[in-house]
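Q: Pasting a structure here, questions to come.
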Amino acid sequence: MADKPFRFFDNRLKYLTFVNTTNEKWRISERVAQELDHITPRPPAVRVFDAGMGDGTVLANTLRALHQRHPTIPFHAVGKEISLEDIRLSLANMPDRLVEHPATVVTMTNLFYAEAPWLTPNKPAEVTWKFVALDGASSIGFQEQLRDLDPFLVENWQVKSSPKTGNPLYVTPTVLVIYRTDHAFLLDNVIPREGERQAHYDLILASQPWRARTPAPLKAKSILAPLSRALAPGGRMLTVQSAGGDPAEEIVNAIWPDIDLFPVNRYDLIAALKQEIGPETADFDLTIPSGGDALLSYRMHTLPEEVGPSIGTSTLSAAWNAATYVAQIDDQLLEEVHGATRHYDITADILHKYGGLWFNDEAFTVTRLR
């Protein structure tokens, strides 16, 4: 229906093409690893919250980096994700983590940003909790047991669309808790229980958790403020968002010059967060990084010969998809240009101009004071 709200980030084909043709997740993982040097674990576990797991790559890489630094300390990794397909992909990333670091609890939920850190809805609701104690000690065994969860996921990770915004909403609030049977005794104080409402995270990852053109006050109210309040003393929240000022933005602006693609920068977000939390501002370090310290660049995968005198259709298609995905251009606008070839001509010109395609993200950290 023409009047139905559309959320570009929910288009699976565009998302998967973007993820598999760029190295953004690996670059974000490297940036997250830098934060681990600034956290001090406290009993009973290092607590990590991923505010939007996607396919689980960043969370899995974070757990790898954590293991390198703290090989014997229990971990509790909590991931928020409303997409059934992404939950499946994230579960596929977990078996090797549970083998290398057996003292790990992995919790996944479809709750909203303002609810997920506490694993509790803000309004009274019956939550489906499922505890999965994995038997054995091999990654293939864990993989098979996690794959058996699919009927449960299909039933409990259903979504509906908000009639106002088009945002996906959960039908059944659900919490899935996974750990190894042979470490249940050790992890007894780490495994979450219904009604505990504990947050106190040492590290929170908030990578691309919103639409770029959503106003800063709404981002602060719905996402940044609740996540900041979920930090433990000394805990750090790393936020990453698209920043523009790169060849990808140049491609999109050549087609739609009147769209301000990235109107809300990190300064706007921190200002809105301060306004939202008011007197609580004194509890946090909200220093805004400047210049290159805040920028994180990543690239589209191409071979040198792919950006030659004649660029193949597959490369042009991948570049166009990546540029419009990052810019969050919805299908209606895309359909208006797909009947011609001008967008591919522009894409080819810019690939030649820069010898490839790269993108800029910006990052900032919110730290709860000790």
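Letters A, B, ... go to the chains of the structure tokens in the order shown; residues in each chain start at 1; ligands are counted from 1 in the same order.
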Env of segment 65-75 of chain A: 12 Å cut, atoms = only C-alpha atoms, seq-sep filter 5 positions within chain, self excluded. Answer as a VMD selection string.
A: chain A and resid 29 to 49 58 to 60 96 to 107 178 to 180 183 to 191 201 to 203
Q: Any idea what's packed within 6 Å of Leu296 of chain A, counting only C-alpha atoms, ignoring anything in its chain fewer than 3 positions away? Could you give it as a PyMOL selection string?
A: chain A and resi 360-362
Q: So that I have them on file, write out the residues from the current selection with C-alpha atoms, as a PDB file, in the first residue's frame.
A:
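Below is the file part-v3.pdb, written as the result:
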ATOM      1  CA  ASN A 360      32.603   7.278   6.959  1.00  0.00           C
ATOM      2  CA  ASP A 361      31.061   6.433  10.306  1.00  0.00           C
ATOM      3  CA  GLU A 362      31.431   8.569  13.404  1.00  0.00           C
TER       4      GLU A 362
END
Q: For Tyr344 of chain A, which of A:Ala51, A:Asn321, A:Phe152, A:Ala114 is the closest residue, counting only C-alpha atoms?
A: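 Between A:Ala51, A:Asn321, A:Phe152, A:Ala114, the residue approaching Tyr344 of chain A most closely is A:Asn321.
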Q: Just want the 8 Å neighbourhood of Leu261 of chain A, counted on only C-alpha atoms, with same-chain residues fewer than 6 positions away dropped. Output as a ChimeraX atom specification.
A: /A:212-213,244,249,327
Q: Go through A:Thr281, A:Ser310, A:Asn61, A:Asn11 one by one, measure the shortest atom-to-atom distance of each to Arg27 of chain A using only C-alpha atoms, and give the residue with the smallest value.
A: A:Asn61
Q: Just list as number ranges by chain whatever in segment 54-140 of chain A DSSP marks as helix (DSSP H, G or I).
A: A: 57-69, 84-92, 95-100, 116-118, 139-140
Q: Using N, CA, C and O atoms, can you export the residues from the last selection as a tab-separated table (two decimals), in the first residue's frame?
A:
chain	number	residue	atom	x	y	z
A	57	THR	N	27.93	-10.67	14.04
A	57	THR	CA	29.37	-10.60	13.77
A	57	THR	C	30.10	-9.73	14.79
A	57	THR	O	31.14	-10.12	15.34
A	58	VAL	N	29.58	-8.54	15.06
A	58	VAL	CA	30.27	-7.62	15.97
A	58	VAL	C	30.28	-8.19	17.39
A	58	VAL	O	31.30	-8.13	18.08
A	59	LEU	N	29.17	-8.76	17.83
A	59	LEU	CA	29.13	-9.32	19.18
A	59	LEU	C	30.10	-10.50	19.30
A	59	LEU	O	30.83	-10.61	20.29
A	60	ALA	N	30.13	-11.38	18.31
A	60	ALA	CA	31.05	-12.51	18.35
A	60	ALA	C	32.50	-12.04	18.37
A	60	ALA	O	33.34	-12.57	19.13
A	61	ASN	N	32.83	-11.04	17.56
A	61	ASN	CA	34.20	-10.51	17.56
A	61	ASN	C	34.55	-9.84	18.88
A	61	ASN	O	35.69	-9.91	19.35
A	62	THR	N	33.56	-9.18	19.49
A	62	THR	CA	33.78	-8.56	20.79
A	62	THR	C	34.08	-9.62	21.84
A	62	THR	O	34.99	-9.46	22.68
A	63	LEU	N	33.35	-10.73	21.80
A	63	LEU	CA	33.60	-11.81	22.75
A	63	LEU	C	34.96	-12.45	22.52
A	63	LEU	O	35.63	-12.87	23.46
A	64	ARG	N	35.40	-12.53	21.26
A	64	ARG	CA	36.75	-13.03	20.98
A	64	ARG	C	37.80	-12.12	21.61
A	64	ARG	O	38.77	-12.59	22.22
A	65	ALA	N	37.63	-10.82	21.41
A	65	ALA	CA	38.59	-9.87	21.97
A	65	ALA	C	38.55	-9.88	23.49
A	65	ALA	O	39.59	-9.73	24.16
A	66	LEU	N	37.37	-10.06	24.07
A	66	LEU	CA	37.25	-10.15	25.52
A	66	LEU	C	37.98	-11.38	26.05
A	66	LEU	O	38.64	-11.33	27.09
A	67	HIS	N	37.83	-12.48	25.34
A	67	HIS	CA	38.49	-13.71	25.79
A	67	HIS	C	40.01	-13.55	25.79
A	67	HIS	O	40.69	-14.06	26.69
A	68	GLN	N	40.51	-12.85	24.80
A	68	GLN	CA	41.97	-12.63	24.74
A	68	GLN	C	42.45	-11.88	25.97
A	68	GLN	O	43.53	-12.15	26.49
A	69	ARG	N	41.64	-10.93	26.45
A	69	ARG	CA	42.03	-10.12	27.61
A	69	ARG	C	41.69	-10.80	28.94
A	69	ARG	O	42.41	-10.64	29.92
A	84	LEU	N	13.94	-12.15	13.02
A	84	LEU	CA	14.09	-13.59	13.14
A	84	LEU	C	15.30	-14.08	12.37
A	84	LEU	O	16.09	-14.91	12.85
A	85	GLU	N	15.50	-13.58	11.14
A	85	GLU	CA	16.63	-14.01	10.33
A	85	GLU	C	17.96	-13.66	10.99
A	85	GLU	O	18.92	-14.43	10.97
A	86	ASP	N	18.03	-12.48	11.62
A	86	ASP	CA	19.26	-12.09	12.29
A	86	ASP	C	19.50	-12.90	13.55
A	86	ASP	O	20.65	-13.18	13.91
A	87	ILE	N	18.44	-13.27	14.24
A	87	ILE	CA	18.61	-14.15	15.41
A	87	ILE	C	19.20	-15.48	14.96
A	87	ILE	O	20.12	-16.03	15.60
A	88	ARG	N	18.73	-16.02	13.85
A	88	ARG	CA	19.28	-17.27	13.33
A	88	ARG	C	20.77	-17.12	13.01
A	88	ARG	O	21.59	-17.98	13.35
A	89	LEU	N	21.11	-16.02	12.33
A	89	LEU	CA	22.51	-15.79	11.98
A	89	LEU	C	23.37	-15.58	13.23
A	89	LEU	O	24.51	-16.06	13.29
A	90	SER	N	22.84	-14.89	14.21
A	90	SER	CA	23.59	-14.65	15.44
A	90	SER	C	23.84	-15.94	16.20
A	90	SER	O	24.93	-16.16	16.74
A	91	LEU	N	22.84	-16.80	16.26
A	91	LEU	CA	23.01	-18.08	16.93
A	91	LEU	C	24.10	-18.91	16.25
A	91	LEU	O	24.85	-19.63	16.92
A	92	ALA	N	24.20	-18.80	14.93
A	92	ALA	CA	25.23	-19.54	14.20
A	92	ALA	C	26.62	-19.06	14.53
A	92	ALA	O	27.60	-19.78	14.34
A	95	PRO	N	28.39	-20.94	18.67
A	95	PRO	CA	29.00	-22.20	19.13
A	95	PRO	C	30.49	-22.11	19.43
A	95	PRO	O	30.95	-22.60	20.47
A	96	ASP	N	31.27	-21.48	18.56
A	96	ASP	CA	32.71	-21.43	18.82
A	96	ASP	C	33.03	-20.56	20.02
A	96	ASP	O	34.02	-20.77	20.71
A	97	ARG	N	32.17	-19.56	20.31
A	97	ARG	CA	32.39	-18.73	21.50
A	97	ARG	C	32.20	-19.56	22.77
A	97	ARG	O	32.92	-19.37	23.77
A	98	LEU	N	31.23	-20.45	22.75
A	98	LEU	CA	30.94	-21.28	23.91
A	98	LEU	C	31.96	-22.39	24.10
A	98	LEU	O	32.11	-22.93	25.19
A	99	VAL	N	32.68	-22.72	23.03
A	99	VAL	CA	33.77	-23.70	23.14
A	99	VAL	C	35.02	-23.03	23.68
A	99	VAL	O	35.63	-23.51	24.64
A	100	GLU	N	35.42	-21.92	23.09
A	100	GLU	CA	36.65	-21.25	23.53
A	100	GLU	C	36.50	-20.66	24.92
A	100	GLU	O	37.44	-20.68	25.72
A	116	ALA	N	15.12	-3.76	26.79
A	116	ALA	CA	16.00	-4.92	26.60
A	116	ALA	C	17.14	-5.02	27.61
A	116	ALA	O	17.46	-6.13	28.06
A	117	PRO	N	17.80	-3.92	28.02
A	117	PRO	CA	18.90	-4.08	28.98
A	117	PRO	C	18.46	-4.74	30.28
A	117	PRO	O	19.24	-5.43	30.93
A	118	TRP	N	17.21	-4.52	30.67
A	118	TRP	CA	16.69	-5.07	31.92
A	118	TRP	C	15.90	-6.37	31.70
A	118	TRP	O	15.42	-6.97	32.65
A	139	SER	N	31.69	-27.62	19.21
A	139	SER	CA	30.95	-26.60	18.47
A	139	SER	C	29.87	-27.21	17.59
A	139	SER	O	28.79	-26.65	17.45
A	140	ILE	N	30.14	-28.40	17.00
A	140	ILE	CA	29.12	-29.02	16.15
A	140	ILE	C	27.93	-29.47	17.00
A	140	ILE	O	26.78	-29.35	16.59
Q: Would you please work out which residue, of A:Leu227, A:Ile255, A:Leu205, A:Val366, is nearest to Leu286 of chain A when using only C-alpha atoms?
A: A:Val366
Q: Which residue gives the smallest distance to Asn110 of chain A among A:Ser83, A:Gln332, A:Ser138, A:Thr21, with only C-alpha atoms counted?
A: A:Ser83
Q: By how many Å are atom CA of Arg266 of chain A and atom CA of Ile288 of chain A apart?
A: 7.5 Å
Q: For a test of reading the model, state the distance in Å between atom CA of Ala230 of chain A and atom CA of His76 of chain A, rounded to one decimal.
A: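 Separation of atom CA of Ala230 of chain A and atom CA of His76 of chain A: 14.3 Å.
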Q: Please return, as a PyMOL selection string, all residues of segment 117-292 of chain A that DSSP assigns to strand (DSSP E or B) on the basis of the backbone.
A: chain A and resi 128-134+159-161+168-170+174-180+201-207+231-242+284-285
Q: Excluding same-chain residues fewer than 4 positions from segment 124-127 of chain A, what lies within 8 Å of it counting only C-alpha atoms, as number ranges by chain?
A: A: 120, 172-175
